[in-house]
Amino acid sequence: AGTTGSRLTDGLNPEQREAVEYRGPALLIVAGAGSGKTRVLTHRIASLIESREAWPSQILAITFTNKAAAEMRERVQALLGESASGMWISTFHSACVRILRREAESIGLSSTFTIYDSADQRTILKRIIKELDADTMGFTPASAQAKISKLKNELADVETHARNANMNDPQEVMFLEIFRQYTRRLRAASALDFDDLIAETVYLFRAFPKVAALYQRRFRHILVDEYQDTNHAQYSLIHELTRPVPREIVDELDAHGILVRGMTDGSGAIPGASLTVVGDSDQSIYAFRGADIRNISEFERDFPGAKVVLLEQNYRSTQNILSAANAVISNNFDRKEKKLWTADGDGDKIVGYTGYTAHDEAQFIADEIESLHRAGVAYRDIAVFYRTNAQTRALEEIFVRSALPYRVVGGTKFYERAEIKDAMAYLIAVANPVDELALRRILNTPKRGIGPATETALASFAEQNELSFRQAMRAADGLGLGPKVTGAISALANVLDEAAAMLVPSAEGLEAGTNAGAAKVSDVLVFLVERSGLLDALRNSRDPQDETRAENVEELVAQTRDFDRENPGATLVDFLTQVSLVAAADELDDASGTVSLMTLHTAKGLEYHAVFLTGIEEGLLPHQMSASEPGGPAEERRLFYVGITRARKRLYLSLAMSRAQFGEVAVAMPSRYLQEIPEGLIDWRQSPGMATSRGGTQPRALNARRGEPGGAWGTRDRDLERFSVTRSDKPKTEWANRVTGTVRDNGDLTLAPGDRIRHTDFGEGKVTQVTGEGTKRIAHVSFDTAGQKKLLIKIAPIEKL
Ligand code: ATP
Ligand code: MG
């Protein structure tokens, strides 16, 4: 130690420097958003390598997304000025896949195992639920999936769960059976779901200490970013990796010629790796996936003598933005008080905006983005966040109309499209021949006259004879299926066999243990989509959408070409792994000049010059689903806090007075969290659409009732959360009206087709239709000059003529 180059600590504050230079078994860095946690991790890695305290190969850094990993790798290399290959900088999932592919055989898994995504899981669960008639007991694929995921994140497998389950409860007995079947099928298909990737690695290490020792010996420095969002399984994985290697195993490794010299301590054991974790419990937003903040608060108990470094100064945002963030998060109880501050000054005020509809809100955002852009802010430095994916519709409509370059990060992903899943299923069926799910997907895609009855017959034949589905396909002629069907099945089997043959390396390749001589991934894909007839079926279809689908398949071919070029010598399984692990945030492309649209969850760890937080309404943020979750509103508040703290210079908070949700238009109420931001920090802009109807009322009274004792809004949210779950903590309409700046309530205004009305913006028009009931009645109006509009009668700025 002590040789750390000053270059690596220049420009760091004293606490950051301490965190970079500290050497010891365990280091915890806790700090608020934007205080340089990720930056400290990066500098720490560079410092370890530059001072020759560690080889790059001895470092394992865990980030939250593959994109964050790529960024960290680039920064470390930039700091070192040399390539630092051999470092493992990856997500939990990627690291575990690497380990499992190498060690698969120990746990009876094929190294070409398939990784099932959420849609695959649901397909399987749907079949199981149907077979067990479990839907009659209220099970759905989604509910079973959530429950299984929760158990796996707690490292509870079927046997563990069977011991804990209440066998007198038919519901639990049924669930256990679903879980058992699900596990059995994934096993049979040599497939793992995302939660398995972590859990199986933990099981592997626990069952095979010698395998674990290889990794415990290798990784001397383990660093974890966003530690507040680790769940129990991930926490356990880190524990396994940082265990010391006992003397007996060291001796054995030595005996096998695996070099351990110089690593052992006085007792002949290899000491545990040094562990650095960074996190912020105020940003924990994955409790619904089993993340446990206690992993942070109990770090000092788990690692006695751990060094704790607190970072306080924020380098990302203006003070106004930080003050808003501080004010909001201080409403969560049971947290360590910390206040973000910056030396950079107040900056601009936060801009608030209330649109009449979601489209109005979107129009405001589009206009603001244009004016920011004219003022010199690059599109790529602007982001729009929302709570639910459904909110993108209005935003996209307006952005397209305004010709704004934008990109939805993690929306409907390319790899989730049906035709892409079809083409991928062909590749998977070749790579992992026992994958029944993939085979059944392509059995009659494109249509080749193999019906569901045949599929079921093959599946049960396989089941009865303990064959794989693929083996059952080969034996199909003995099933009395008729010559046409049998012919189609064996034609498909032949295509798969031929493709598999293309993938075998040459004799020289086999000899050298490389992939030399094997066909490229792109060649195999082209062969499969052509010979199977998949591409022709799409090209020759009369469905106009199939043209786009064919183009998508061609795009996939283009992607495999890129993959082949960028990864010489890589295998088909490498390609499939890469595709499986593409996480939402990985589609970000900073180089492109586009505005990014993403959910608040995806926004974690990122920063932008200007941030638009949209739909700050009750029901969206906090989301209505959170109401039933213990700690739900507190977690939603952290999500809001994460959103606010992404902004460097400009923050916009917007909402709409009415919003279409679940196919209905409803009155939207301002989020309770808005009230928590001191009035003086927000500059509320009027909705242009409401200029006259609001009679100039500004939402200046937003905080008038703040602190008023006893009133519902004088009571802090935390008290509501703590003392009462049943008490309504919906904001009062009156307060809502002040925020939105309108006192309009048309109440029981009755409109009928033929009536003429006047709207403050759209002028006069004729009602053509009235739909909906009660407060959700909607008037369909044909305006004399403004065209057709739908208006929520209760709040629209209209009068009957
Ligand atoms: P989050 O909690 O949102 O993940 P973080 O604590 O990881 O935030 P970073 O992303 O590391 O924070 O840093 C926030 C911003 O501040 C980055 O742009 C980073 O480069 C900058 N920064 C951090 N420390 C310093 C410093 N000492 N001097 C100048 N800039 C800094
Ligand atoms: Mg960070």
# chains A, B, ... in the order shown; residues from 1 in each chain; ligands from 1

call {"tool": "residues_near_ligand", "arguments": {"ligand": "ligand 2", "cutoff": "10 Å", "atoms": "only C-alpha atoms and all ligand atoms", "output": "short mmCIF file (atom, residue, chain, number, x, y, z; two decimals) with N, CA and C atoms, in the first residue's frame"}}
result
data_model
loop_
_atom_site.label_atom_id
_atom_site.label_comp_id
_atom_site.auth_asym_id
_atom_site.auth_seq_id
_atom_site.Cartn_x
_atom_site.Cartn_y
_atom_site.Cartn_z
N ALA A 31 -23.52 6.39 1.38
CA ALA A 31 -23.62 7.79 1.00
C ALA A 31 -24.84 8.02 0.15
N GLY A 32 -25.28 9.26 0.13
CA GLY A 32 -26.45 9.61 -0.65
C GLY A 32 -26.15 9.60 -2.14
N ALA A 33 -27.18 9.89 -2.90
CA ALA A 33 -27.07 9.88 -4.35
C ALA A 33 -26.06 10.92 -4.82
N GLY A 34 -25.32 10.56 -5.85
CA GLY A 34 -24.46 11.52 -6.52
C GLY A 34 -23.24 11.97 -5.73
N SER A 35 -22.89 11.19 -4.68
CA SER A 35 -21.77 11.60 -3.85
C SER A 35 -20.46 10.94 -4.29
N GLY A 36 -20.51 10.21 -5.38
CA GLY A 36 -19.27 9.65 -5.92
C GLY A 36 -19.00 8.21 -5.52
N LYS A 37 -20.03 7.48 -5.12
CA LYS A 37 -19.83 6.08 -4.72
C LYS A 37 -19.26 5.25 -5.87
N THR A 38 -19.92 5.34 -7.01
CA THR A 38 -19.48 4.55 -8.16
C THR A 38 -18.10 5.00 -8.60
N ARG A 39 -17.89 6.31 -8.54
CA ARG A 39 -16.58 6.84 -8.91
C ARG A 39 -15.48 6.30 -7.98
N VAL A 40 -15.78 6.23 -6.70
CA VAL A 40 -14.80 5.72 -5.74
C VAL A 40 -14.47 4.25 -6.06
N LEU A 41 -15.48 3.47 -6.38
CA LEU A 41 -15.23 2.06 -6.72
C LEU A 41 -14.27 1.95 -7.90
N THR A 63 -21.81 -4.84 -10.71
CA THR A 63 -22.61 -3.64 -10.96
C THR A 63 -24.05 -4.06 -11.20
N PHE A 64 -24.91 -3.05 -11.31
CA PHE A 64 -26.33 -3.39 -11.41
C PHE A 64 -26.78 -3.73 -12.81
N ALA A 68 -23.59 -0.54 -16.87
CA ALA A 68 -22.76 0.05 -15.82
C ALA A 68 -21.42 -0.67 -15.78
N ASP A 225 -21.39 -2.59 -6.21
CA ASP A 225 -22.10 -1.30 -6.29
C ASP A 225 -23.57 -1.55 -6.00
N GLU A 226 -24.30 -0.53 -5.59
CA GLU A 226 -25.75 -0.63 -5.34
C GLU A 226 -26.07 -1.80 -4.39
N VAL A 278 -20.73 -0.57 -1.68
CA VAL A 278 -21.22 0.80 -1.60
C VAL A 278 -22.72 0.81 -1.80
N GLY A 279 -23.37 1.68 -1.07
CA GLY A 279 -24.81 1.72 -1.22
C GLY A 279 -25.44 2.88 -0.50
N ASP A 280 -26.72 3.00 -0.72
CA ASP A 280 -27.51 4.09 -0.15
C ASP A 280 -28.88 3.52 0.18
N LYS A 604 -31.87 4.11 -12.22
CA LYS A 604 -30.92 4.01 -11.12
C LYS A 604 -29.46 4.16 -11.55
N GLY A 605 -28.70 4.97 -10.81
CA GLY A 605 -27.27 5.10 -11.07
C GLY A 605 -26.91 6.04 -12.21
N LEU A 606 -27.91 6.45 -13.01
CA LEU A 606 -27.62 7.30 -14.18
C LEU A 606 -27.73 8.78 -13.82
N GLU A 607 -27.26 9.64 -14.69
CA GLU A 607 -27.43 11.07 -14.49
C GLU A 607 -27.60 11.79 -15.81
#

call {"tool": "select_by_dssp", "arguments": {"residues": "range 337-394 of chain A", "states": "strand (DSSP E or B)", "output": "short mmCIF file (atom, residue, chain, number, x, y, z; two decimals) with C-alpha atoms, in the first residue's frame"}}
result
data_model
loop_
_atom_site.label_atom_id
_atom_site.label_comp_id
_atom_site.auth_asym_id
_atom_site.auth_seq_id
_atom_site.Cartn_x
_atom_site.Cartn_y
_atom_site.Cartn_z
CA TRP A 341 -25.35 19.23 -0.17
CA ILE A 350 -37.55 23.07 -10.23
CA VAL A 351 -40.29 23.49 -12.80
CA GLY A 352 -43.74 22.12 -12.03
CA TYR A 353 -46.40 21.63 -14.64
CA THR A 354 -49.96 20.38 -14.55
CA GLY A 355 -51.40 19.29 -17.83
CA ILE A 382 -32.14 14.74 -21.40
CA ALA A 383 -34.27 11.98 -19.93
CA VAL A 384 -37.95 11.44 -19.25
CA PHE A 385 -38.89 9.05 -16.44
CA TYR A 386 -42.20 7.42 -15.63
#

call {"tool": "residues_around", "arguments": {"residues": "range 85-94 of chain A", "least_positions_apart": "3", "cutoff": "7 Å", "atoms": "only C-alpha atoms", "output": "list of chain:residue names"}}
result
A:Pro56, A:Ser57, A:Gln58, A:Ile59, A:Leu60, A:Ala61, A:Ile62, A:Thr63, A:Phe64, A:Thr65, A:Asn66, A:Ala69, A:Arg73, A:Val97, A:Arg98, A:Leu197, A:Ile198, A:Leu581

call {"tool": "write_last_selection", "arguments": {"atoms": "N, CA and C atoms", "output": "CSV table (one decimal), in the first residue's frame"}}
result
chain,number,residue,atom,x,y,z
A,56,PRO,N,-5.4,-7.8,-12.4
A,56,PRO,CA,-6.7,-7.6,-12.9
A,56,PRO,C,-7.6,-8.8,-12.7
A,57,SER,N,-7.0,-10.0,-12.9
A,57,SER,CA,-7.8,-11.2,-12.8
A,57,SER,C,-8.2,-11.5,-11.4
A,58,GLN,N,-7.7,-10.8,-10.4
A,58,GLN,CA,-8.1,-11.1,-9.0
A,58,GLN,C,-9.2,-10.2,-8.5
A,59,ILE,N,-9.7,-9.4,-9.5
A,59,ILE,CA,-10.8,-8.4,-9.1
A,59,ILE,C,-12.2,-8.9,-9.7
A,60,LEU,N,-13.1,-8.8,-8.8
A,60,LEU,CA,-14.5,-9.1,-9.2
A,60,LEU,C,-15.3,-7.9,-8.8
A,61,ALA,N,-15.9,-7.2,-9.7
A,61,ALA,CA,-16.7,-6.0,-9.4
A,61,ALA,C,-18.1,-6.3,-9.9
A,62,ILE,N,-19.1,-6.1,-9.0
A,62,ILE,CA,-20.5,-6.3,-9.4
A,62,ILE,C,-21.2,-5.0,-9.6
A,63,THR,N,-21.8,-4.8,-10.7
A,63,THR,CA,-22.6,-3.6,-11.0
A,63,THR,C,-24.0,-4.1,-11.2
A,64,PHE,N,-24.9,-3.1,-11.3
A,64,PHE,CA,-26.3,-3.4,-11.4
A,64,PHE,C,-26.8,-3.7,-12.8
A,65,THR,N,-26.1,-3.2,-13.8
A,65,THR,CA,-26.5,-3.5,-15.2
A,65,THR,C,-25.2,-3.8,-16.0
A,66,ASN,N,-25.4,-4.5,-17.1
A,66,ASN,CA,-24.2,-4.7,-18.0
A,66,ASN,C,-23.7,-3.4,-18.5
A,69,ALA,N,-21.4,-2.0,-16.0
A,69,ALA,CA,-20.2,-2.8,-16.0
A,69,ALA,C,-19.3,-2.3,-17.1
A,73,ARG,N,-15.6,-0.6,-16.7
A,73,ARG,CA,-14.4,-1.2,-17.3
A,73,ARG,C,-13.6,-0.1,-18.1
A,97,VAL,N,-23.4,-16.8,-14.6
A,97,VAL,CA,-23.5,-17.6,-15.8
A,97,VAL,C,-22.1,-18.1,-16.2
A,98,ARG,N,-21.1,-17.2,-16.0
A,98,ARG,CA,-19.7,-17.6,-16.3
A,98,ARG,C,-19.3,-18.8,-15.5
A,197,LEU,N,-29.9,-18.6,-11.6
A,197,LEU,CA,-28.5,-18.3,-11.9
A,197,LEU,C,-27.8,-18.0,-10.6
A,198,ILE,N,-28.4,-17.2,-9.8
A,198,ILE,CA,-27.7,-16.9,-8.5
A,198,ILE,C,-27.8,-18.1,-7.5
A,581,LEU,N,-28.7,-12.0,-21.3
A,581,LEU,CA,-28.3,-11.2,-20.2
A,581,LEU,C,-28.5,-9.7,-20.5

call {"tool": "residues_around", "arguments": {"residues": "Glu252 in chain A", "least_positions_apart": "2", "cutoff": "12 Å", "atoms": "only C-alpha atoms", "output": "list in words"}}
result
Pro209, Lys210, Val211, Ala213, Leu214, Val245, Pro246, Arg247, Glu248, Ile249, Val250, Asp254, Ala255, His256, Gly257, Ile258, Leu259, Val260, Gly268 and Ala269 of chain A

call {"tool": "closest_atom_pairs", "arguments": {"of": "range 343-414 of chain A", "to": "range 310-318 of chain A", "cutoff": "12 Å", "atoms": "only C-alpha atoms", "output": "JSON lines"}}
result
{"residue": "A:Ala343", "atom": "CA", "partner": "A:Gln313", "partner_atom": "CA", "distance": 7.8}
{"residue": "A:Asp344", "atom": "CA", "partner": "A:Thr318", "partner_atom": "CA", "distance": 6.3}
{"residue": "A:Gly345", "atom": "CA", "partner": "A:Thr318", "partner_atom": "CA", "distance": 6.1}
{"residue": "A:Asp346", "atom": "CA", "partner": "A:Thr318", "partner_atom": "CA", "distance": 5.4}
{"residue": "A:Gly347", "atom": "CA", "partner": "A:Thr318", "partner_atom": "CA", "distance": 5.3}
{"residue": "A:Asp348", "atom": "CA", "partner": "A:Thr318", "partner_atom": "CA", "distance": 7.8}
{"residue": "A:Lys349", "atom": "CA", "partner": "A:Thr318", "partner_atom": "CA", "distance": 9.4}
{"residue": "A:Ile350", "atom": "CA", "partner": "A:Thr318", "partner_atom": "CA", "distance": 10.1}

call {"tool": "write_last_selection", "arguments": {"atoms": "N, CA and C atoms", "output": "PDB file, in the first residue's frame"}}
result
ATOM      1  N   ALA A 343     -21.455  22.213  -3.255  1.00  0.00           N
ATOM      2  CA  ALA A 343     -20.771  23.502  -3.190  1.00  0.00           C
ATOM      3  C   ALA A 343     -21.073  24.320  -4.443  1.00  0.00           C
ATOM      4  N   ASP A 344     -21.932  23.799  -5.289  1.00  0.00           N
ATOM      5  CA  ASP A 344     -22.124  24.396  -6.611  1.00  0.00           C
ATOM      6  C   ASP A 344     -23.238  25.433  -6.712  1.00  0.00           C
ATOM      7  N   GLY A 345     -23.920  25.744  -5.628  1.00  0.00           N
ATOM      8  CA  GLY A 345     -24.950  26.783  -5.716  1.00  0.00           C
ATOM      9  C   GLY A 345     -26.348  26.253  -5.973  1.00  0.00           C
ATOM     10  N   ASP A 346     -27.327  27.157  -5.814  1.00  0.00           N
ATOM     11  CA  ASP A 346     -28.728  26.752  -5.888  1.00  0.00           C
ATOM     12  C   ASP A 346     -29.168  26.277  -7.254  1.00  0.00           C
ATOM     13  N   GLY A 347     -28.714  26.953  -8.282  1.00  0.00           N
ATOM     14  CA  GLY A 347     -29.151  26.598  -9.627  1.00  0.00           C
ATOM     15  C   GLY A 347     -30.570  27.053  -9.895  1.00  0.00           C
ATOM     16  N   ASP A 348     -31.135  26.580 -10.991  1.00  0.00           N
ATOM     17  CA  ASP A 348     -32.495  26.976 -11.356  1.00  0.00           C
ATOM     18  C   ASP A 348     -33.511  26.337 -10.433  1.00  0.00           C
ATOM     19  N   LYS A 349     -34.689  26.951 -10.392  1.00  0.00           N
ATOM     20  CA  LYS A 349     -35.773  26.330  -9.641  1.00  0.00           C
ATOM     21  C   LYS A 349     -36.276  25.098 -10.381  1.00  0.00           C
ATOM     22  N   ILE A 350     -36.891  24.223  -9.625  1.00  0.00           N
ATOM     23  CA  ILE A 350     -37.550  23.071 -10.233  1.00  0.00           C
ATOM     24  C   ILE A 350     -38.796  23.593 -10.942  1.00  0.00           C
TER      25      ILE A 350
END

call {"tool": "atom_distance", "arguments": {"atom1": "CA of Leu27 in chain A", "atom2": "CA of Leu275 in chain A"}}
result
6.3 Å

call {"tool": "select_by_dssp", "arguments": {"residues": "range 489-526 of chain A", "states": "helix (DSSP H, G or I)", "output": "list of chain:residue names"}}
result
A:Ile489, A:Ser490, A:Ala491, A:Leu492, A:Ala493, A:Asn494, A:Val495, A:Leu496, A:Asp497, A:Glu498, A:Ala499, A:Ala500, A:Ala501, A:Met502, A:Ala507, A:Glu508, A:Gly509, A:Leu510, A:Glu511, A:Ala512, A:Val521, A:Ser522, A:Asp523, A:Val524, A:Leu525, A:Val526

call {"tool": "closest_residue", "arguments": {"among": "A:Arg184, A:Asp196, A:Gly108, A:Met625", "to": "Leu151 in chain A", "atoms": "only C-alpha atoms"}}
result
A:Asp196

call {"tool": "closest_residue", "arguments": {"among": "A:Thr768, A:Thr276, A:Asn164, A:Gln283", "to": "ligand 1", "atoms": "only C-alpha atoms and all ligand atoms"}}
result
A:Gln283
